[in-house]
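Listing of upload-v8.txt; format and content: compact mmCIF, C-alpha atoms.
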# COMPACT_ATOMS: atom_id res chain seq x y z
CA SER A 133 31.70 -0.87 27.59
CA GLU A 134 32.03 -2.65 24.27
CA THR A 135 33.39 -5.78 25.98
CA VAL A 136 30.43 -5.95 28.37
CA ALA A 137 27.97 -5.40 25.52
CA GLN A 138 29.57 -8.22 23.51
CA SER A 139 29.46 -10.52 26.55
CA LEU A 140 25.77 -9.79 27.11
CA ALA A 141 25.03 -10.38 23.43
CA ASN A 142 26.78 -13.77 23.57
CA GLU A 143 24.82 -14.70 26.70
CA ALA A 144 21.58 -13.83 24.92
CA VAL A 145 22.52 -16.10 22.02
CA ILE A 146 23.39 -18.94 24.41
CA GLY A 147 20.06 -18.49 26.20
CA TYR A 148 18.30 -18.62 22.84
CA SER A 149 20.15 -21.85 22.03
CA PHE A 150 18.93 -23.42 25.28
CA ALA A 151 15.33 -22.24 24.91
CA TYR A 152 14.86 -22.78 21.16
CA PRO A 153 14.40 -26.60 21.11
CA MET A 154 11.89 -26.71 23.98
CA GLY A 155 10.11 -23.65 22.63
CA VAL A 156 9.53 -25.48 19.35
CA ILE A 157 8.62 -28.79 21.00
CA GLY A 158 6.23 -27.07 23.43
CA GLY A 159 4.38 -25.38 20.56
CA MET A 160 4.07 -28.66 18.66
CA ILE A 161 2.78 -30.54 21.72
CA ALA A 162 0.20 -27.80 22.33
CA ILE A 163 -1.07 -28.12 18.74
CA VAL A 164 -1.39 -31.92 19.03
CA TRP A 165 -3.19 -31.77 22.40
CA ALA A 166 -5.56 -28.96 21.40
CA GLN A 167 -6.34 -30.64 18.08
CA LYS A 168 -7.30 -33.83 19.91
CA TRP A 169 -9.34 -32.18 22.68
CA LEU A 170 -11.19 -29.79 20.37
CA LYS A 171 -11.81 -32.54 17.77
CA ILE A 172 -10.67 -30.44 14.82
CA ASP A 173 -11.81 -31.41 11.32
CA TYR A 174 -9.36 -29.57 9.05
CA ALA A 175 -11.19 -30.46 5.83
CA GLU A 176 -14.50 -29.09 7.12
CA GLU A 177 -12.77 -26.00 8.50
CA ALA A 178 -11.08 -25.29 5.17
CA LYS A 179 -14.43 -25.58 3.39
CA ARG A 180 -16.11 -23.21 5.86
CA TRP A 181 -13.41 -20.52 5.65
CA ARG A 182 -12.33 -20.81 2.00
CA LYS A 183 -14.04 -17.57 0.97
CA ASP A 184 -12.21 -15.58 3.64
CA TYR A 185 -8.81 -17.13 2.96
CA PRO A 186 -7.64 -18.28 -0.51
CA LEU A 187 -6.81 -21.95 0.00
CA ASP A 188 -5.82 -24.71 -2.39
CA GLU A 189 -9.16 -25.58 -3.99
CA ARG A 190 -8.16 -28.74 -5.95
CA LEU A 191 -10.11 -27.45 -8.89
CA SER A 192 -11.71 -29.31 -11.77
CA SER A 193 -14.23 -28.47 -14.47
CA CYS A 194 -17.34 -30.00 -16.00
CA ALA A 195 -20.01 -29.26 -18.59
CA VAL A 196 -23.57 -28.64 -17.40
CA GLU A 197 -26.77 -28.39 -19.43
CA ILE A 198 -29.31 -25.88 -18.13
CA THR A 199 -32.67 -27.58 -17.49
CA ASN A 200 -33.97 -25.51 -14.55
CA PRO A 201 -36.01 -22.52 -15.79
CA GLU A 202 -35.62 -20.78 -12.41
CA VAL A 203 -31.97 -19.94 -13.18
CA CYS A 204 -32.82 -18.45 -16.57
CA ASP A 205 -33.46 -14.85 -17.66
CA LYS A 206 -31.24 -13.40 -14.93
CA GLU A 207 -27.85 -11.80 -15.34
CA LEU A 208 -25.14 -14.01 -13.87
CA ARG A 209 -24.11 -11.36 -11.31
CA ASP A 210 -27.67 -11.31 -9.93
CA LEU A 211 -28.04 -15.08 -10.11
CA MET A 212 -24.89 -15.77 -8.09
CA ASN A 213 -26.04 -13.50 -5.24
CA GLY A 214 -28.51 -16.20 -4.26
CA TYR A 215 -25.93 -18.97 -3.92
CA ASP A 216 -22.91 -19.62 -1.72
CA TRP A 217 -20.79 -21.25 -4.42
CA ASN A 218 -17.13 -20.61 -5.07
CA VAL A 219 -17.07 -21.33 -8.82
CA ASN A 220 -16.15 -19.71 -12.12
CA PHE A 221 -17.81 -20.01 -15.51
CA GLY A 222 -15.98 -20.45 -18.80
CA ARG A 223 -17.56 -21.22 -22.17
CA ILE A 224 -21.23 -21.37 -23.12
CA LEU A 225 -22.89 -23.16 -26.04
CA LYS A 226 -26.07 -21.26 -26.89
CA GLU A 227 -28.14 -22.17 -29.94
CA GLY A 228 -25.18 -23.95 -31.52
CA ARG A 229 -22.79 -21.01 -31.12
CA LEU A 230 -19.87 -21.03 -28.71
CA GLY A 231 -18.99 -18.00 -26.58
CA LEU A 232 -17.52 -16.92 -23.24
CA ILE A 233 -19.54 -16.28 -20.11
CA ASN A 234 -19.37 -12.89 -18.36
CA TRP A 235 -21.33 -11.26 -15.55
CA SER A 236 -24.00 -10.03 -17.99
CA THR A 237 -24.71 -13.47 -19.46
CA ARG A 238 -28.29 -14.75 -19.18
CA PHE A 239 -28.81 -18.51 -19.29
CA GLU A 240 -31.62 -20.25 -21.17
CA VAL A 241 -32.94 -23.79 -20.99
CA GLY A 242 -30.78 -25.96 -23.23
CA ASP A 243 -27.60 -23.90 -22.83
CA LYS A 244 -24.47 -25.90 -22.11
CA ILE A 245 -21.86 -24.24 -19.90
CA ILE A 246 -18.40 -25.01 -18.50
CA VAL A 247 -18.12 -24.60 -14.71
CA VAL A 248 -14.83 -24.56 -12.74
CA GLY A 249 -14.64 -25.25 -9.00
CA ASN A 250 -13.99 -27.93 -6.41
CA ALA A 251 -15.90 -31.22 -6.53
CA GLU A 252 -18.44 -30.31 -3.84
CA ASP A 253 -19.43 -26.98 -5.38
CA LEU A 254 -19.64 -28.52 -8.85
CA GLU A 255 -22.11 -31.14 -7.62
CA GLU A 256 -24.29 -28.41 -6.10
CA VAL A 257 -24.22 -26.41 -9.35
CA ILE A 258 -25.19 -29.49 -11.36
CA GLU A 259 -28.05 -30.27 -8.99
CA GLU A 260 -29.40 -26.71 -9.18
CA PHE A 261 -28.79 -25.90 -12.84
CA GLY A 262 -29.51 -29.16 -14.64
CA LYS A 263 -27.41 -32.17 -15.52
CA ARG A 264 -23.81 -33.10 -16.30
CA VAL A 265 -23.12 -33.55 -20.02
CA LYS A 266 -20.24 -33.61 -22.46
CA MET A 267 -19.62 -30.38 -24.31
CA PRO A 268 -20.29 -31.19 -27.98
CA HIS A 269 -17.90 -30.09 -30.72
CA THR A 270 -19.18 -27.37 -33.02
CA GLU A 271 -17.78 -25.31 -35.83
CA ASP A 272 -16.84 -22.66 -33.26
CA SER A 273 -14.92 -25.13 -31.04
CA ARG A 274 -11.70 -24.56 -32.96
CA SER A 275 -12.06 -20.81 -32.50
CA TYR A 276 -11.59 -21.02 -28.70
CA ASP A 277 -8.86 -22.59 -26.63
CA ALA A 278 -7.79 -22.94 -22.99
CA ARG A 279 -4.19 -22.05 -22.21
CA SER A 280 -1.93 -21.60 -19.16
CA ILE A 281 0.68 -18.82 -19.16
CA PHE A 282 3.00 -17.13 -16.65
CA VAL A 283 2.56 -13.59 -15.38
CA SER A 284 5.97 -11.99 -15.94
CA ASN A 285 5.00 -8.49 -17.09
CA PRO A 286 5.61 -6.09 -14.16
CA ASN A 287 3.02 -3.71 -15.60
CA VAL A 288 0.36 -6.40 -15.15
CA ALA A 289 1.51 -7.71 -11.77
CA GLY A 290 0.05 -5.82 -8.82
CA ASN A 291 -3.27 -5.19 -10.63
CA THR A 292 -6.61 -6.85 -9.97
CA ILE A 293 -8.08 -9.06 -12.67
CA ALA A 294 -11.12 -6.80 -12.99
CA SER A 295 -8.95 -3.76 -13.72
CA LEU A 296 -7.39 -5.49 -16.76
CA ASN A 297 -10.71 -5.54 -18.69
CA LEU A 298 -9.79 -8.79 -20.44
CA ASP A 299 -13.31 -9.42 -21.72
CA GLU A 300 -13.19 -6.12 -23.62
CA ARG A 301 -9.56 -6.25 -24.77
CA PHE A 302 -9.31 -9.88 -25.81
CA ASN A 303 -12.67 -11.54 -25.14
CA ALA A 304 -10.90 -13.77 -22.61
CA VAL A 305 -11.82 -15.18 -19.19
CA ILE A 306 -9.33 -16.21 -16.47
CA THR A 307 -10.77 -19.20 -14.62
CA ARG A 308 -8.01 -20.25 -12.21
CA ILE A 309 -4.60 -19.24 -10.88
CA ARG A 310 -1.73 -21.38 -9.64
CA ARG A 311 0.56 -19.59 -7.19
CA GLY A 312 3.37 -21.83 -6.04
CA ASP A 313 1.67 -25.10 -5.08
CA VAL A 314 -1.71 -23.46 -4.47
CA GLU A 315 -4.43 -23.47 -7.10
CA MET A 316 -7.28 -20.99 -6.61
CA LEU A 317 -10.21 -19.57 -8.49
CA ALA A 318 -9.69 -16.27 -10.27
CA LYS A 319 -11.94 -13.52 -8.91
CA GLY A 320 -12.32 -9.92 -10.01
CA ASP A 321 -10.56 -8.64 -6.89
CA THR A 322 -7.69 -11.14 -7.11
CA VAL A 323 -4.36 -9.31 -7.39
CA LEU A 324 -1.96 -10.94 -9.84
CA GLU A 325 1.65 -11.48 -8.79
CA LEU A 326 4.83 -12.20 -10.72
CA GLY A 327 5.19 -15.94 -11.24
CA ASP A 328 1.45 -16.66 -11.17
CA ARG A 329 0.41 -19.29 -13.69
CA ILE A 330 -3.02 -18.32 -14.97
CA ARG A 331 -5.40 -20.50 -16.96
CA PHE A 332 -7.82 -18.74 -19.27
CA MET A 333 -10.21 -19.32 -22.13
CA ALA A 334 -9.95 -17.10 -25.19
CA ARG A 335 -10.22 -16.99 -28.95
CA ARG A 336 -7.30 -18.67 -30.69
CA ARG A 337 -6.46 -15.52 -32.62
CA ASP A 338 -5.96 -13.66 -29.34
CA LEU A 339 -3.57 -16.19 -27.76
CA LYS A 340 -0.40 -14.56 -29.06
CA ASP A 341 -1.50 -11.10 -27.93
CA LEU A 342 -2.45 -12.48 -24.51
CA SER A 343 0.96 -14.11 -24.11
CA SER A 344 2.64 -10.81 -24.94
CA PHE A 345 0.32 -8.93 -22.58
CA PHE A 346 1.08 -11.15 -19.56
CA GLY A 347 4.71 -11.79 -20.50
CA ASP A 348 4.61 -15.60 -20.33
CA SER A 349 8.30 -15.91 -19.41
CA TYR A 350 9.25 -18.16 -16.49
CA HIS A 351 12.78 -16.74 -16.47
CA GLN A 352 11.56 -13.15 -16.33
CA SER A 353 8.97 -13.94 -13.64
CA SER A 354 11.70 -15.38 -11.37
CA ARG A 355 14.00 -12.35 -11.49
CA ILE A 356 14.26 -9.89 -8.60
CA ASN A 357 13.82 -6.20 -9.31
CA LEU A 358 17.08 -4.97 -7.80
CA PHE A 359 15.87 -1.36 -7.67
CA SER A 360 12.75 -2.00 -5.58
CA PHE A 361 14.53 -4.68 -3.50
CA GLY A 362 17.44 -2.35 -2.77
CA ILE A 363 15.18 0.58 -1.90
CA GLY A 364 13.14 -1.62 0.43
CA MET A 365 16.21 -3.03 2.18
CA GLY A 366 17.76 0.41 2.49
CA LEU A 367 14.63 1.89 4.06
CA GLY A 368 14.39 -1.13 6.35
CA LEU A 369 17.96 -0.75 7.60
CA ILE A 370 17.43 2.96 8.19
CA LEU A 371 14.25 2.27 10.17
CA GLY A 372 16.02 -0.47 12.12
CA ASN A 373 18.62 2.03 13.35
CA VAL A 374 16.08 4.64 14.45
CA GLN A 375 15.93 4.85 18.24
CA PHE A 376 12.45 5.04 19.78
CA ASP A 377 12.29 6.63 23.23
CA LEU A 378 9.48 5.44 25.51
CA GLY A 379 10.69 7.31 28.56
CA PRO A 380 13.79 8.70 30.24
CA THR A 381 15.25 5.22 30.83
CA LEU A 382 13.64 3.15 28.09
CA SER A 383 14.43 3.18 24.40
CA PHE A 384 14.65 0.53 21.72
CA LYS A 385 15.59 -0.09 18.11
CA LEU A 386 13.91 -2.49 15.70
CA GLY A 387 17.33 -3.66 14.55
CA TYR A 388 18.52 -5.14 11.28
CA ALA A 389 15.73 -7.74 11.32
CA GLY A 390 12.78 -5.70 12.60
CA GLY A 391 13.32 -2.66 10.37
CA PRO A 392 13.29 -4.50 7.02
CA LEU A 393 10.37 -6.61 8.25
CA ILE A 394 8.18 -3.57 9.01
CA VAL A 395 9.12 -1.83 5.76
CA GLY A 396 8.48 -5.07 3.87
CA LEU A 397 4.99 -5.33 5.36
CA ILE A 398 4.19 -1.73 4.44
CA LEU A 399 5.52 -1.99 0.88
CA GLY A 400 3.90 -5.40 0.45
CA GLY A 401 0.57 -3.84 1.41
CA ILE A 402 1.10 -0.99 -1.05
CA ARG A 403 2.18 -3.57 -3.70
CA LYS A 404 2.84 -1.03 -6.40
CA THR A 405 3.85 2.63 -6.70
CA GLY A 406 3.53 3.84 -10.26
CA LYS A 407 5.52 1.33 -12.28
CA VAL A 408 7.61 0.17 -9.30
CA LEU A 409 6.47 -3.25 -8.05
CA TRP A 410 7.35 -3.87 -4.40
CA THR A 411 6.42 -7.55 -4.17
CA LEU A 412 8.87 -10.36 -4.93
CA PRO A 413 8.24 -13.25 -7.34
CA TYR A 414 7.08 -16.38 -5.52
CA SER A 415 10.17 -18.45 -6.36
CA ALA A 416 12.56 -15.68 -5.32
CA ASN A 417 10.60 -15.17 -2.10
CA VAL A 418 10.89 -18.84 -1.11
CA THR A 419 14.61 -18.88 -1.93
CA LEU A 420 15.30 -15.82 0.23
CA GLN A 421 13.30 -17.37 3.10
CA GLN A 422 15.47 -20.48 3.00
CA ILE A 423 18.69 -18.46 2.80
CA GLY A 424 17.56 -16.35 5.77
CA LEU A 425 16.80 -19.43 7.87
CA ILE A 426 20.20 -20.95 7.01
CA LEU A 427 22.01 -17.75 7.97
CA LEU A 428 20.06 -17.53 11.25
CA LEU A 429 20.94 -21.07 12.32
CA ALA A 430 24.56 -20.70 11.16
CA THR A 431 24.97 -17.47 13.14
CA LEU A 432 23.52 -19.06 16.27
CA GLY A 433 25.89 -21.99 15.98
CA ILE A 434 28.99 -19.88 15.36
CA ARG A 435 28.31 -17.37 18.14
CA SER A 436 27.14 -19.78 20.82
CA GLY A 437 28.81 -23.09 19.96
CA GLY A 438 32.04 -22.41 21.80
CA ALA A 439 30.40 -21.23 25.00
CA LEU A 440 27.43 -23.59 24.97
CA VAL A 441 29.17 -26.60 26.52
CA ALA A 442 30.88 -24.45 29.15
CA SER A 443 27.51 -22.97 30.10
CA LEU A 444 25.83 -26.32 30.77
CA SER A 445 24.74 -26.47 34.41
CA MET A 446 21.68 -27.01 36.58
CA ASP A 447 20.65 -23.41 35.89
CA SER A 448 20.67 -24.05 32.16
CA LEU A 449 18.45 -27.12 32.72
CA TRP A 450 15.91 -24.92 34.49
CA ILE A 451 16.01 -22.52 31.53
CA VAL A 452 15.19 -25.40 29.17
CA ILE A 453 12.31 -26.60 31.39
CA ALA A 454 10.93 -23.08 31.86
CA SER A 455 11.00 -22.39 28.11
CA GLY A 456 9.02 -25.57 27.46
CA ILE A 457 6.40 -24.73 30.10
CA ILE A 458 6.00 -21.14 28.88
CA SER A 459 5.73 -22.22 25.24
CA LEU A 460 3.23 -24.99 26.02
CA SER A 461 0.99 -22.92 28.31
CA THR A 462 0.83 -19.81 26.11
CA ALA A 463 0.14 -21.85 22.96
CA LEU A 464 -2.64 -23.83 24.66
CA THR A 465 -4.22 -20.62 25.97
CA ILE A 466 -4.24 -18.99 22.52
CA LEU A 467 -5.59 -22.11 20.79
CA PHE A 468 -8.44 -22.70 23.27
CA PHE A 469 -9.42 -19.06 23.73
CA GLY A 470 -9.22 -18.26 20.02
CA TYR A 471 -11.17 -21.32 18.91
CA ARG A 472 -13.84 -21.49 21.64
CA ILE A 473 -14.37 -17.82 22.48
CA LEU A 474 -13.35 -15.85 19.37
CA LYS A 475 -14.53 -18.59 16.94
CA ARG A 476 -11.43 -18.31 14.76
CA PRO A 477 -10.33 -21.21 12.55
CA PHE A 478 -7.94 -23.56 14.34
CA GLY A 479 -5.55 -23.56 11.37
CA LEU A 480 -5.23 -19.77 11.60
CA LEU A 481 -4.51 -20.02 15.33
CA MET A 482 -1.80 -22.62 14.71
CA GLY A 483 0.01 -20.03 12.62
CA MET A 484 -0.38 -17.45 15.38
CA VAL A 485 1.33 -19.66 17.97
CA ALA A 486 4.07 -20.58 15.48
CA ASN A 487 6.80 -18.24 16.68
CA GLN A 488 9.34 -20.33 14.74
CA PRO A 489 9.32 -21.60 11.13
CA ALA A 490 9.59 -25.21 12.37
CA ILE A 491 6.24 -24.90 14.19
CA LEU A 492 4.70 -23.24 11.13
CA ASP A 493 5.78 -26.11 8.88
CA PHE A 494 4.37 -28.56 11.43
CA GLY A 495 1.03 -26.72 11.47
CA ILE A 496 0.80 -26.58 7.67
CA GLU A 497 1.49 -30.32 7.50
CA LYS A 498 -1.25 -31.01 10.07
CA ALA A 499 -3.85 -28.76 8.42
CA ASN A 500 -2.88 -29.74 4.87
CA ASN A 501 -3.72 -26.19 3.75
CA ARG A 502 -2.35 -22.65 3.98
CA LEU A 503 -4.49 -21.35 6.87
CA PRO A 504 -1.54 -21.46 9.34
CA MET A 505 0.47 -19.26 6.96
CA TYR A 506 -2.12 -16.46 7.24
CA GLY A 507 -2.02 -16.58 11.04
CA PHE A 508 1.78 -16.52 11.03
CA THR A 509 1.84 -13.52 8.67
CA VAL A 510 -0.54 -11.55 10.91
CA MET A 511 1.08 -12.36 14.25
CA PHE A 512 4.82 -12.56 13.52
CA PRO A 513 5.56 -8.82 13.05
CA ILE A 514 3.44 -7.91 16.08
CA ALA A 515 5.16 -10.55 18.20
CA LEU A 516 8.60 -9.44 17.01
CA ILE A 517 8.07 -5.81 18.01
CA LEU A 518 6.55 -6.77 21.37
CA LYS A 519 9.46 -9.10 22.14
CA ILE A 520 11.97 -6.35 21.36
CA VAL A 521 10.16 -3.88 23.65
CA ILE A 522 9.42 -6.35 26.48
CA ALA A 523 12.98 -7.71 26.48
CA GLN A 524 14.41 -4.22 26.94
CA ILE A 525 11.86 -3.38 29.65
CA LEU A 526 12.76 -6.55 31.58
CA PHE A 527 16.48 -5.84 31.13
CA ILE A 528 16.08 -2.37 32.66
CA VAL A 529 13.78 -3.53 35.49
CA LEU A 530 15.83 -6.59 36.49
CA SER A 531 19.34 -5.17 36.03

As structure tokens - that is how I would like this structure written.
Amino acid sequence: SETVAQSLANEAVIGYSFAYPMGVIGGMIAIVWAQKWLKIDYAEEAKRWRKDYPLDERLSSCAVEITNPEVCDKELRDLMNGYDWNVNFGRILKEGRLGLINWSTRFEVGDKIIVVGNAEDLEEVIEEFGKRVKMPHTEDSRSYDARSIFVSNPNVAGNTIASLNLDERFNAVITRIRRGDVEMLAKGDTVLELGDRIRFMARRRDLKDLSSFFGDSYHQSSRINLFSFGIGMGLGLILGNVQFDLGPTLSFKLGYAGGPLIVGLILGGIRKTGKVLWTLPYSANVTLQQIGLILLLATLGIRSGGALVASLSMDSLWIVIASGIISLSTALTILFFGYRILKRPFGLLMGMVANQPAILDFGIEKANNRLPMYGFTVMFPIALILKIVIAQILFIVLS
């Protein structure tokens, strides 16, 4: 009956309230223990995996004079195949004339170039190419400028940098991108998103056209496209109410949380359909995350607060202890097996064991990079669906 269903739902919320604190604490303890036993060096790990996962690079730039003839007379695309550097190239001073570097550029002894990257890669480039210098001012210096602008044009967002053909349209080069608090190098396959702050080098006369092309409006880049957002939420709610039958006695629904999550993952992977952009601006995304977390905690408190005190007993204490043991043991197993056997980065595994945002924030603070976020993004939807299915299987078997 409806009364029984409501009672069971309230009991589930109360059980969640008991298990939640120890589940979070158990995951955090597992991370601390595993980090100590495995002797994790987060800085070295971030350096080793930075090409596979876009992390905050702490970028800077310097001018280098070419003195090594071995790097000359080769197109840049061929030259870079021989090195494991994560750098970008900006301007070049060749025979007194200033220009922009592209993949077809060939260096010559005496050329002076601007290189963008992290400190370690820059030192390796300097050692291989020549020596660090100051870029001299020439008559052409006033013709070029570096500028940072916002991506707010929905027709640009969702496209890769290479597909924009900036070197042909404007003779411009994007060197770095700031997305939220993360600064990363701009690559040809990097997909631009609304709210990205891009830094580029271009001719002064093209700056106005470039600003118009990318939009350069912080207000516009922070707005939510109500059409795509509404379509996505509508499809998610419809999917959440679809009943999946796994047998004569077992069926499940993704619910109001699982449905939008799955649709969001699919549309986020598609990114763009025609002129409809499915991704949210970074600032709007963060705001909605915080609102969702507030609503979750508020709902738990309202639904379980009244019955929580009345439910306190020795049985509830065993639930708390069991939740801590389960959380601790499963997290330790994943961290050790993933790091030692599968050779995955520890930061990524921290995100995979973070079944709650509090553990994710703890992992990000420990790693001081965004690797845990990638693990959380991969594992969370899988874990959510499995928990929905397993919970209903256990309910049928044990009832």

Can you tell me how far atom CA of Ile522 of chain A sits from atom CA of Phe384 of chain A, in Å to one decimal?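 Separation of atom CA of Ile522 of chain A and atom CA of Phe384 of chain A: 9.9 Å.
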
Would you list the contacts of Lys206 of chain A as an MDAnalysis selection string, taking every protein, DNA or RNA residue within 9 Å and counting all atoms listed in the file, but skipping same-chain residues closer than 5 positions in sequence? chainID A and resid 211 236:239

Written file, previous selection with C-alpha atoms, as a JSON list (two decimals), keeping the file's coordinate frame:
[["chain", "number", "residue", "atom", "x", "y", "z"],
["A", 211, "LEU", "CA", -28.04, -15.08, -10.11],
["A", 236, "SER", "CA", -24.00, -10.03, -17.99],
["A", 237, "THR", "CA", -24.71, -13.47, -19.46],
["A", 238, "ARG", "CA", -28.29, -14.75, -19.18],
["A", 239, "PHE", "CA", -28.81, -18.51, -19.29]]

I need the residue nearest Arg264 of chain A from this list: A:Asp328, A:Cys194, A:Lys171, A:Ser295. Use only C-alpha atoms for the distance.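 Of A:Asp328, A:Cys194, A:Lys171, A:Ser295, the one nearest Arg264 of chain A is A:Cys194, counting only C-alpha atoms.
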
Report as a PyMOL selection string all protein, DNA and RNA residues lying within 6 Å of segment 240-248 of chain A, evaluated on only C-alpha atoms, omitting residues in the same chain fewer than 2 positions from it. chain A and resi 192-199+204+219-226

Interatomic distance (Å, one decimal) between atom CA of Gln421 of chain A and atom CA of Phe508 of chain A: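 Pair atom CA of Gln421 of chain A / atom CA of Phe508 of chain A returns 14.0 Å.
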
Taking (11.1, -25.6, 26.0) in the file's coordinates, which residues come within 7 Å, counting all atoms listed in the file, written as a PyMOL selection string? chain A and resi 151-158+452-457+459

Could you check the closest approach to Met333 of chain A for each of A:Asp210, A:Asp299, A:Glu256, A:Asp493 and tell me which residue wins, using all atoms listed in the file? A:Asp299

Atom pair atom CA of Gly495 of chain A + atom CA of Met160 of chain A, distance 8.0 Å

Residue among A:Met484, A:Leu358, A:Leu427, A:Leu230 lying closest to Thr411 of chain A, counting all atoms listed in the file: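 Using all atoms listed in the file, the shortest distance to Thr411 of chain A belongs to A:Leu358.
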
Choose the residue, out of A:Lys263, A:Arg355, A:Arg337, A:Arg180, that has the smallest atom-to-atom separation from Phe478 of chain A; count all atoms listed in the file. A:Arg180

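All residues of protein, DNA or RNA that reach within 8 Å of Ala251 of chain A, judged by all atoms listed in the file and not counting those fewer than 2 positions away in the chain, are Leu191, Ser192, Gly249, Asp253, Leu254 and Glu255 of chain A.
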
Quick one: of A:Val395, A:Leu326, A:Ile491, A:Ile293, who's nearest to Leu412 of chain A, counting only C-alpha atoms? A:Leu326

Please determine, counting only C-alpha atoms, which residue among A:Asn373, A:Ser360, A:Asn303, A:Gln422 has the shortest atom-to-atom distance to Asp341 of chain A. A:Asn303

For segment 460-472 of chain A: contacts at 8 Å, all atoms listed in the file, fewer than 2 positions along chain excluded, given as a ChimeraX atom specification: /A:155,158-159,161-163,166,456-458,474-478,481-482,485

List the neighbours of Gly387 of chain A out to 12 Å using all atoms listed in the file; skip same-chain residues closer than 2 positions along the sequence, and give me the result as a PyMOL selection string. chain A and resi 368-376+384-385+389-394+516-517+520-521
